[in-house]
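The structure appears below as structure tokens.
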Amino acid sequence: MIFRVASINPEELLLAYRLGIFPMAESRAAEEVLWVRPHERGILPLEKFHVPRRLARAVRSDRYDVTADAAFDQVIRCCAESQPDRHETWINDPIIDVFEALHRRGFAHSVETWHRGRLVGGLYGLSLGGAFFAESKFSRMTDASKVALVHLAARLKAGGYSLLDAQFPNPHLEQFGAITVTEERFQSLLSQALTHTGNFYCLGPSGAAPDAGAGGAAGLAGADSRAGGGLTPAGGTAAAATGAGSSVLQVITQTS
């Protein structure tokens with residue numbers, strides 16, 4: 001089911017997500033926004049989130065510094081950039097504007113990966129109650145966006161979230177345990193998730209982006225495109241994803 005609108009505002013967006021609907025644009029330059037509710041939905045069950053062995057080694061190595069909400073505006077714009085293998089994206093200016101507004105209100109969040117002070121990967125999404133809607137991710141170095149996704153999963157699991165929505169079924173995400181559910185099943189899971197509030201900042205205190213040029217340009221790797229009751233923000237301020245990668249992996253492997 002698709003609806004086409006010329007504008008979008010924060011309250012409409014929050015209501016739409018509570019109803020299982022999300023926005024997309026036909027291209028980066030498009031002026032209109034499409035409201036979409038697919039018949040099948042991709043989700044990443046947090047209790048069964050899987051980290052492939054090679055990626056687990058990369059996470060454990062701590063080759064990247066990982067932060068949360070340290071560079072939201074940069075992340076969403078990086079996700080909106082075209083790449084040689086993906087000339088158009090579904091993120092246009094109206095979507096960027098409304099998500100930046102919701103980030104300022106504590107609903108939209110990002111996870112960033114940095115290498116020597118340069119932003120090299122990340123993802124962003126929307127938090128409502130105990131549900132997190134993963135929107136998009138980008139990568140400019142090997143595994144940079146995947147490491148961000150692993151850190152996100154640990155943060156959500158530790159923070160009491162019960163639903164990680166990937167929106168469309170995506171074969172790329174199957175390596176992490178992604179499954180496809182019907183629209184009816186998704187609505188049931190969403191209703192349950194909205195009965196409680198997750199804590200997006202559970203893994204650490206206030207933090208900031210690493211030093212030495214935290215403004216590098218980045219773009220979305222092709223396979224990384226489009227991951228992503230409680231109208232109370234998850235709360236808190238920008239938070240660093242504290243702890244070594246091994247601690248993050250330990251959170252993920254803990255049984256619920």
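Naming works like this for the structure tokens: A, B, ... for the chains as they're shown, residue 1 at the start of each chain, ligands 1 onward in shown order.
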
Which residues are near Gln192 (chain A)? Cut-off 10 Å, only C-alpha atoms, ignore same chain within fewer than 3 positions. Put them as a ChimeraX atom specification. /A:129-131,162-163,186-189,195-196,229

Just N, CA and C atoms for this one: save the residues we selected as a PDB file, in the first residue's frame.
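File selection.pdb, as written:
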ATOM      1  N   GLY A 129       8.799   3.808  21.662  1.00  0.00           N
ATOM      2  CA  GLY A 129       8.534   2.783  22.663  1.00  0.00           C
ATOM      3  C   GLY A 129       9.671   1.781  22.709  1.00  0.00           C
ATOM      4  N   GLY A 130       9.344   0.507  22.558  1.00  0.00           N
ATOM      5  CA  GLY A 130      10.354  -0.547  22.528  1.00  0.00           C
ATOM      6  C   GLY A 130      10.652  -1.022  21.125  1.00  0.00           C
ATOM      7  N   ALA A 131      10.377  -0.175  20.129  1.00  0.00           N
ATOM      8  CA  ALA A 131      10.651  -0.518  18.735  1.00  0.00           C
ATOM      9  C   ALA A 131      11.685   0.436  18.157  1.00  0.00           C
ATOM     10  N   SER A 162      12.217  -4.564  22.011  1.00  0.00           N
ATOM     11  CA  SER A 162      11.727  -5.886  21.613  1.00  0.00           C
ATOM     12  C   SER A 162      11.555  -6.035  20.109  1.00  0.00           C
ATOM     13  N   LEU A 163      11.710  -4.942  19.354  1.00  0.00           N
ATOM     14  CA  LEU A 163      11.514  -5.017  17.902  1.00  0.00           C
ATOM     15  C   LEU A 163      12.558  -4.178  17.184  1.00  0.00           C
ATOM     16  N   PHE A 186       3.622  -8.400  11.806  1.00  0.00           N
ATOM     17  CA  PHE A 186       4.402  -7.221  12.166  1.00  0.00           C
ATOM     18  C   PHE A 186       3.577  -6.281  13.034  1.00  0.00           C
ATOM     19  N   GLN A 187       2.318  -6.074  12.661  1.00  0.00           N
ATOM     20  CA  GLN A 187       1.467  -5.179  13.443  1.00  0.00           C
ATOM     21  C   GLN A 187       1.304  -5.676  14.875  1.00  0.00           C
ATOM     22  N   SER A 188       1.229  -6.986  15.042  1.00  0.00           N
ATOM     23  CA  SER A 188       1.130  -7.555  16.384  1.00  0.00           C
ATOM     24  C   SER A 188       2.406  -7.301  17.173  1.00  0.00           C
ATOM     25  N   LEU A 189       3.565  -7.526  16.555  1.00  0.00           N
ATOM     26  CA  LEU A 189       4.845  -7.284  17.216  1.00  0.00           C
ATOM     27  C   LEU A 189       5.017  -5.809  17.546  1.00  0.00           C
ATOM     28  N   THR A 195       4.116  -0.910  23.932  1.00  0.00           N
ATOM     29  CA  THR A 195       3.593  -0.893  25.304  1.00  0.00           C
ATOM     30  C   THR A 195       4.669  -0.577  26.331  1.00  0.00           C
ATOM     31  N   HIS A 196       5.940  -0.535  25.933  1.00  0.00           N
ATOM     32  CA  HIS A 196       7.005  -0.201  26.861  1.00  0.00           C
ATOM     33  C   HIS A 196       8.010   0.705  26.163  1.00  0.00           C
ATOM     34  N   GLY A 229       1.268   3.106  21.162  1.00  0.00           N
ATOM     35  CA  GLY A 229       1.399   3.595  22.485  1.00  0.00           C
ATOM     36  C   GLY A 229       2.603   4.389  22.781  1.00  0.00           C
TER      37      GLY A 229
END

DSSP-assigned helix (DSSP H, G or I) members of region 116-213 of chain A, reported as JSON, numbers by chain: {"A": [144, 145, 146, 147, 148, 149, 150, 151, 152, 153, 154, 155, 156, 157, 158, 171, 172, 173, 174, 175, 176, 183, 184, 185, 186, 187, 188, 189, 190, 191, 192, 193]}

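Put simply, CA of Phe72 (chain A) is 8.5 Å away from CA of Ala108 (chain A).
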
Would you please work out which residue, of A:Ser139, A:Thr113, A:Thr180, A:Asn199, is nearest to Asp165 (chain A) when using only C-alpha atoms? A:Thr180

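Residue neighbourhood of Gly20 (chain A), excluding near-sequence residues (fewer than 5 positions): A:Leu15, A:Val36, A:Arg37, A:Pro38, A:Glu183, A:Phe186, A:Gln187, A:Leu190, at 9 Å, using only C-alpha atoms.
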
Selection from above, N, CA, C and O atoms, as a PDB file, in the first residue's frame, can you write it?
ATOM      1  N   LEU A  15       3.033   9.259  13.967  1.00  0.00           N
ATOM      2  CA  LEU A  15       1.783   8.516  13.862  1.00  0.00           C
ATOM      3  C   LEU A  15       1.895   7.415  12.821  1.00  0.00           C
ATOM      4  O   LEU A  15       1.452   6.278  13.048  1.00  0.00           O
ATOM      5  N   VAL A  36       4.527   4.178   2.739  1.00  0.00           N
ATOM      6  CA  VAL A  36       4.564   2.779   2.332  1.00  0.00           C
ATOM      7  C   VAL A  36       4.227   1.871   3.513  1.00  0.00           C
ATOM      8  O   VAL A  36       4.728   2.075   4.626  1.00  0.00           O
ATOM      9  N   ARG A  37       3.391   0.861   3.258  1.00  0.00           N
ATOM     10  CA  ARG A  37       3.169  -0.209   4.229  1.00  0.00           C
ATOM     11  C   ARG A  37       3.187  -1.521   3.459  1.00  0.00           C
ATOM     12  O   ARG A  37       2.180  -1.924   2.880  1.00  0.00           O
ATOM     13  N   PRO A  38       4.330  -2.216   3.434  1.00  0.00           N
ATOM     14  CA  PRO A  38       4.455  -3.434   2.621  1.00  0.00           C
ATOM     15  C   PRO A  38       3.659  -4.601   3.198  1.00  0.00           C
ATOM     16  O   PRO A  38       3.392  -4.664   4.399  1.00  0.00           O
ATOM     17  N   GLU A 183       2.358  -8.722   7.187  1.00  0.00           N
ATOM     18  CA  GLU A 183       1.937  -7.422   7.706  1.00  0.00           C
ATOM     19  C   GLU A 183       1.178  -7.577   9.018  1.00  0.00           C
ATOM     20  O   GLU A 183       1.381  -6.802   9.966  1.00  0.00           O
ATOM     21  N   PHE A 186       3.622  -8.400  11.806  1.00  0.00           N
ATOM     22  CA  PHE A 186       4.402  -7.221  12.166  1.00  0.00           C
ATOM     23  C   PHE A 186       3.577  -6.281  13.034  1.00  0.00           C
ATOM     24  O   PHE A 186       4.078  -5.728  14.017  1.00  0.00           O
ATOM     25  N   GLN A 187       2.318  -6.074  12.661  1.00  0.00           N
ATOM     26  CA  GLN A 187       1.467  -5.179  13.443  1.00  0.00           C
ATOM     27  C   GLN A 187       1.304  -5.676  14.875  1.00  0.00           C
ATOM     28  O   GLN A 187       1.266  -4.887  15.822  1.00  0.00           O
ATOM     29  N   LEU A 190       4.588  -4.944  16.637  1.00  0.00           N
ATOM     30  CA  LEU A 190       4.705  -3.507  16.863  1.00  0.00           C
ATOM     31  C   LEU A 190       3.819  -3.070  18.023  1.00  0.00           C
ATOM     32  O   LEU A 190       4.239  -2.289  18.883  1.00  0.00           O
TER      33      LEU A 190
END

Residues of region 80-108 of chain A that approach region 22-30 of chain A to 8 Å or less, counting only C-alpha atoms: could you list each one with the shortest pair of atoms and its distance in Å to one decimal, rows by chain and increasing residue number, as a tab-separated table?
residue	atom	partner	partner_atom	distance
A:Ala80	CA	A:Arg28	CA	6.8
A:Glu81	CA	A:Arg28	CA	7.9
A:Glu88	CA	A:Ser27	CA	5.6
A:Thr89	CA	A:Arg28	CA	5.4
A:Trp90	CA	A:Ala25	CA	4.6
A:Ile91	CA	A:Arg28	CA	5.5
A:Asn92	CA	A:Arg28	CA	4.4
A:Asp93	CA	A:Arg28	CA	7.4
A:Ile95	CA	A:Pro23	CA	7.4

Spatial neighbours of Arg57 (chain A), max dist 12 Å, only C-alpha atoms, sep filter under 3 positions, as JSON, numbers by chain: {"A": [51, 52, 53, 54, 60, 61, 62, 63, 143, 147, 150, 245, 246, 248, 249]}

Output file for the selection above: all heavy atoms, as a compact mmCIF listing (two decimals), in the first residue's frame:
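Dumped everything to part_5.txt:
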# COMPACT_ATOMS: atom_id res chain seq x y z
N VAL A 51 25.88 -12.73 14.63
CA VAL A 51 27.06 -12.02 14.14
C VAL A 51 27.97 -13.04 13.46
O VAL A 51 28.50 -13.94 14.12
CB VAL A 51 27.82 -11.32 15.29
CG1 VAL A 51 29.00 -10.53 14.73
CG2 VAL A 51 26.90 -10.41 16.07
N PRO A 52 28.16 -12.95 12.14
CA PRO A 52 29.05 -13.89 11.45
C PRO A 52 30.45 -13.89 12.05
O PRO A 52 30.91 -12.86 12.57
CB PRO A 52 29.07 -13.36 10.01
CG PRO A 52 27.76 -12.62 9.87
CD PRO A 52 27.51 -12.01 11.21
N ARG A 53 31.11 -15.01 11.97
CA ARG A 53 32.39 -15.18 12.66
C ARG A 53 33.43 -14.14 12.23
O ARG A 53 34.11 -13.56 13.07
CB ARG A 53 32.93 -16.59 12.40
CG ARG A 53 34.23 -16.90 13.12
CD ARG A 53 34.63 -18.34 12.92
NE ARG A 53 33.60 -19.25 13.44
CZ ARG A 53 33.66 -20.58 13.35
NH1 ARG A 53 34.71 -21.15 12.75
NH2 ARG A 53 32.70 -21.32 13.84
N ARG A 54 33.53 -13.89 10.93
CA ARG A 54 34.53 -12.92 10.47
C ARG A 54 34.20 -11.53 10.99
O ARG A 54 35.09 -10.78 11.40
CB ARG A 54 34.58 -12.91 8.94
CG ARG A 54 35.67 -12.01 8.37
CD ARG A 54 35.56 -11.86 6.87
NE ARG A 54 34.31 -11.21 6.50
CZ ARG A 54 34.12 -9.89 6.55
NH1 ARG A 54 35.09 -9.09 6.97
NH2 ARG A 54 32.97 -9.37 6.18
N ARG A 60 35.42 -7.36 17.61
CA ARG A 60 36.27 -7.61 18.78
C ARG A 60 37.59 -6.85 18.69
O ARG A 60 38.19 -6.48 19.71
CB ARG A 60 36.51 -9.11 18.92
CG ARG A 60 37.09 -9.54 20.27
CD ARG A 60 37.19 -11.05 20.35
NE ARG A 60 35.86 -11.67 20.43
CZ ARG A 60 35.34 -12.42 19.46
NH1 ARG A 60 36.00 -12.62 18.33
NH2 ARG A 60 34.14 -12.96 19.60
N SER A 61 38.05 -6.60 17.48
CA SER A 61 39.34 -5.93 17.29
C SER A 61 39.29 -4.45 17.63
O SER A 61 40.34 -3.82 17.81
CB SER A 61 39.80 -6.08 15.83
OG SER A 61 39.02 -5.25 14.97
N ASP A 62 38.07 -3.88 17.69
CA ASP A 62 37.91 -2.45 17.97
C ASP A 62 38.69 -1.58 16.99
O ASP A 62 39.24 -0.53 17.36
CB ASP A 62 38.33 -2.11 19.40
CG ASP A 62 37.38 -2.72 20.43
OD1 ASP A 62 36.17 -2.69 20.19
OD2 ASP A 62 37.87 -3.21 21.47
N ARG A 63 38.71 -1.99 15.74
CA ARG A 63 39.42 -1.18 14.74
C ARG A 63 38.72 0.16 14.49
O ARG A 63 39.34 1.11 14.02
CB ARG A 63 39.54 -1.96 13.42
CG ARG A 63 38.23 -2.10 12.66
CD ARG A 63 38.41 -2.81 11.33
NE ARG A 63 38.80 -4.20 11.51
CZ ARG A 63 38.77 -5.11 10.54
NH1 ARG A 63 38.38 -4.76 9.33
NH2 ARG A 63 39.12 -6.35 10.77
N ASP A 143 33.35 -3.30 6.44
CA ASP A 143 32.58 -3.67 7.64
C ASP A 143 32.16 -2.49 8.50
O ASP A 143 31.61 -2.70 9.59
CB ASP A 143 33.35 -4.67 8.51
CG ASP A 143 33.56 -6.01 7.83
OD1 ASP A 143 32.71 -6.38 6.99
OD2 ASP A 143 34.55 -6.68 8.14
N VAL A 147 29.63 -3.13 11.54
CA VAL A 147 30.02 -2.95 12.93
C VAL A 147 29.02 -2.04 13.64
O VAL A 147 28.62 -2.29 14.79
CB VAL A 147 31.45 -2.37 13.03
CG1 VAL A 147 31.77 -1.93 14.45
CG2 VAL A 147 32.47 -3.40 12.55
N VAL A 150 25.96 -4.08 14.51
CA VAL A 150 26.18 -4.95 15.67
C VAL A 150 26.09 -4.14 16.96
O VAL A 150 25.46 -4.56 17.94
CB VAL A 150 27.54 -5.67 15.56
CG1 VAL A 150 27.86 -6.43 16.85
CG2 VAL A 150 27.54 -6.62 14.37
N GLY A 245 34.64 -4.10 21.88
CA GLY A 245 33.80 -4.91 21.02
C GLY A 245 33.43 -6.24 21.63
O GLY A 245 32.33 -6.75 21.41
N SER A 246 34.32 -6.80 22.40
CA SER A 246 34.02 -8.08 23.05
C SER A 246 32.85 -7.95 24.01
O SER A 246 32.03 -8.87 24.15
CB SER A 246 35.26 -8.60 23.79
OG SER A 246 35.72 -7.66 24.74
N VAL A 248 30.35 -5.81 23.63
CA VAL A 248 29.18 -5.70 22.77
C VAL A 248 28.72 -7.08 22.32
O VAL A 248 27.52 -7.40 22.36
CB VAL A 248 29.49 -4.82 21.56
CG1 VAL A 248 28.41 -4.92 20.49
CG2 VAL A 248 29.65 -3.35 21.99
N LEU A 249 29.65 -7.90 21.93
CA LEU A 249 29.30 -9.26 21.50
C LEU A 249 28.72 -10.07 22.66
O LEU A 249 27.83 -10.90 22.47
CB LEU A 249 30.54 -9.95 20.93
CG LEU A 249 31.08 -9.37 19.63
CD1 LEU A 249 32.41 -10.04 19.26
CD2 LEU A 249 30.07 -9.52 18.51

Taking only C-alpha atoms into account, name the residue in A:Thr253, A:Ser191, A:Gln175, A:Ser110 that is nearest to Ala158 (chain A). A:Thr253

Return as a ChimeraX atom specification the full set of residues in region 39-225 of chain A whose backbone-based DSSP assignment is strand (DSSP E or B). /A:40-43,65-68,83,86,108-115,118-128,131-139,163-167,179-182,206

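Relative to CA of Gly42 (chain A), CA of Val181 (chain A) is found at 6.5 Å.
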
Kindly give the distance, in Å, that separates CA of Trp114 (chain A) and CA of Leu173 (chain A), rounded to a single decimal. 22.1 Å

Which residue out of A:Glu12, A:Asp69, A:Glu100, A:Glu135 has the minimum interatomic distance to Tyr201 (chain A) when only C-alpha atoms are used? A:Asp69

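Checking A:Ala70, A:Leu14, A:Met141, A:Val33 one by one against Ala58 (chain A), counting only C-alpha atoms, you find the shortest gap at A:Met141.
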
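Among the candidates A:Thr197, A:Ser127, A:Ser82, A:Asn170, the residue lying nearest to His103 (chain A) is A:Ser127 (atoms considered: only C-alpha atoms).
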
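Compared by their closest atoms to Leu128 (chain A), and using only C-alpha atoms, the residues A:Leu19, A:Phe107, A:Glu112, A:Ile76 rank with A:Phe107 nearest.
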